[in-house]
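Written out below as structure tokens is the structure these notes cover.
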Amino acid sequence: MKYDYLIVGAGIYGAIFACEMNKAGKKVLVIDKRDHIAGNIYTESVEGINVHKYGAHIFHTNDKKVWDYVNSFADFNRYTNSPVANYKGELYSLPFNMYTFNKMWGVVTPEEAAAKIESQRKEAGITTPRNLEEQAISLVGTDIYEKLIKGYTMKQWGRPCTELPSFIIKRLPVRLTFDNNYFNALYQGIPMGGYTKMVENMLEGIEVRLGVDFFENRDELMSIADKIVYTGAIDGFFDYKLGYLEYRSVRFETEVLDKPNFQGNAVVNYTDSETPFTRIIEHKFFEFGTQEKTVISREYSSEWKFGDEPYYPVNDDKNGELYNAYVELSKAVPNVIFGGRLGEYKYYDMDVVVGKALSMVEAQLNG
Ligand code: UDP
């Protein structure tokens, strides 16, 4: 065997795994079908602005070990995500907090806000939420659900809120304070100089082959390493033989504008159901950019079909069962490790992926 590990996919999972194994003296090869590293956290400089080519990525974590780890590859800035919701021209603060409640209902104190939410929850008659709609109404009431959640969620997931699992909305904090920080995380920021540079640092000194499609050279590639770390979609690895797992795909329309400031914020969500895109990202504001121009991306969500890029796993019960069946199949290939958002078919944030990659390295070295 020429390599100890062949790593399929140069995203954050693959890059960290490769980096740590290389440090441990293992021989590793990283391949990626794209012509660049960094997977979906890839950033590219346009007009001096780091553009998040595969969607906005904001690093946030409560795990000090993970935070220290990523900071060893990049300096992070003090960016704090505070998206604005635009509902038919009305602007609301996100996540749901006292600014949102004041704008929606004119309430001034936390008690008034809590009472308003409670009365709307009661009126809706929800005791134990069984789906995203019921969960949302019981967290923030019907008005906020109707204006800020229903349309946006329908666009992002292509399914009504009554058919979606409630955990999706639990990602968002609800606060009776004037705190617009989208995340409940102790540590948050964007790597200065872009994510690509950070991943480049992780991959320093490691053999990386770009533009290599694992499936086109599968037999040969499987034979050059003891073990394979596969970070693509798990159903794809098994040629979809048990059926397709569902994913949401995302498409971006990116424009350079000859003005310094288009929307005054990095993220503006369009929460009505008529606007065809879910949000507009103004990339310079992730890094407090002062360039003369600006770059914006409109984000459109669609159902994944074969040939598209998979982005979000649709983690409902049906897909959960199919995923478990693929995990059963994977037991027949014990030399293949499935990792990352696609390999594990989980709606992971970046920090979780970092943690998972580090524990997999540990398990491999000590297991
Ligand atoms: N969400 C919403 N309205 C918003 C923002 C988010 O209803 O303005 C809901 C929606 O269901 C979405 C979920 O919250 O799928 C999680 O949103 P998040 O911004 O965390 O998604 P991501 O950034 O991972 O795409």
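Residues in the structure tokens are numbered from 1 in each chain, the chains being A, B, ... in the order shown, and ligands are numbered from 1 in the order shown.
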Point to revise | Protein and nucleic residues near ligand 1, 7 Å, only C-alpha atoms and all ligand atoms, as a list in words | key: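 Within the 7 Å cut-off, the matching residues are Ala85, Leu148, Ile149, Lys150, Tyr152, Thr153, Gln156, Trp157, Ile168, Ile169, Arg171, Leu172, Asn269 and Thr271 of chain A.
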Check your understanding: Quick one: DSSP strand (DSSP E) residues in stretch 70-256 of chain A, as a ChimeraX atom specification?
Key -> /A:84-87,90-93,187-189,207-210,225-230,247-256
**Study point:** Selection near A:Ile41, 7 Å with only C-alpha atoms, sequence-local residues under 5 positions removed, as a VMD selection string
**Key:** chain A and resid 52 54 57 195
Output of the above residues as an mmCIF file, in the first residue's frame, restricted to N, CA, C and O atoms:
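The resulting again-v9.cif:
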```cif
data_model
loop_
_atom_site.group_PDB
_atom_site.id
_atom_site.type_symbol
_atom_site.label_atom_id
_atom_site.label_comp_id
_atom_site.auth_asym_id
_atom_site.auth_seq_id
_atom_site.Cartn_x
_atom_site.Cartn_y
_atom_site.Cartn_z
ATOM 1 N N HIS A 52 -17.999 33.911 -0.233
ATOM 2 C CA HIS A 52 -18.323 32.549 0.212
ATOM 3 C C HIS A 52 -19.068 31.866 -0.940
ATOM 4 O O HIS A 52 -20.283 32.003 -1.067
ATOM 5 N N TYR A 54 -19.968 28.906 -1.776
ATOM 6 C CA TYR A 54 -21.003 27.888 -1.548
ATOM 7 C C TYR A 54 -21.857 28.257 -0.336
ATOM 8 O O TYR A 54 -22.263 27.392 0.438
ATOM 9 N N HIS A 57 -20.709 31.000 5.616
ATOM 10 C CA HIS A 57 -20.237 30.150 6.704
ATOM 11 C C HIS A 57 -19.714 31.024 7.828
ATOM 12 O O HIS A 57 -18.784 31.799 7.627
ATOM 13 N N TYR A 195 -11.625 31.460 4.348
ATOM 14 C CA TYR A 195 -11.570 30.055 4.764
ATOM 15 C C TYR A 195 -10.585 29.250 3.912
ATOM 16 O O TYR A 195 -9.981 28.289 4.393
#
```
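With only C-alpha atoms as the atoms that count, the minimum distance from A:Val333 to the choices A:Glu246, A:Glu292, A:Asp226, A:Glu253 is reached by A:Asp226.
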**Study point:** A:Ile228 environment, 6 Å, only C-alpha atoms, sequence neighbours closer than 3 positions dropped, as a VMD selection string
**Key:** chain A and resid 5 to 7 336
Practice item. Please identify which residues in stretch 79-262 of chain A DSSP calls helix (DSSP H, G or I) from the backbone, and express them as an NGL selection string. Key: :A and (98-105 or 110-124 or 132-140 or 142-157 or 161-163 or 167-170 or 195-202 or 214-223 or 234-237)
Exercise for review: Go through A:Leu176, A:Leu164, A:Val51, A:Val84 and flag the residue nearest A:Met98, using only C-alpha atoms for the distances.
Suggested key: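 Result for the nearest residue to A:Met98: A:Leu176.
Using only C-alpha atoms, the residues found no farther than 10 Å from A:Lys103, other than those of its own chain fewer than 2 positions away, are A:Glu90, A:Leu91, A:Tyr92, A:Ser93, A:Met98, A:Tyr99, A:Thr100, A:Phe101, A:Trp105, A:Gly106, A:Val107, A:Val108.
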Exercise for review: Pick out the residues sitting within 9 Å of A:Glu207, and hand them over as number ranges by chain; count only C-alpha atoms, and ignore anything fewer than 4 positions along from it in its own chain.
Suggested key: A: 28-31, 203
Exercise for review: Considering only C-alpha atoms, state which residue in the set A:Gly11, A:Gly141, A:Gly243, A:Gly289 is at the smallest distance from A:Glu118.
Suggested key: A:Gly141
Exercise for review: Compare A:Ser166, A:Glu123, A:Tyr69, A:Glu321 by their minimum atom-to-atom distance to A:Glu20, counting only C-alpha atoms, and give me the closest one.
Suggested key: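 With only C-alpha atoms as the atom set, the closest residue is A:Tyr69.
For the set A:Thr162, A:Asn97, A:Asn181, A:Asn40, the residue with the smallest atom-to-atom gap to A:Val140 is A:Asn97, counting only C-alpha atoms.
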Practice item. Can you pull out every residue within 12 Å of A:Asn315, counting only C-alpha atoms, but drop anything in the same chain fewer than 6 positions away, and send it as a PyMOL selection string? Key: chain A and resi 157+163-168+245-248+321-324+341-342+344-348
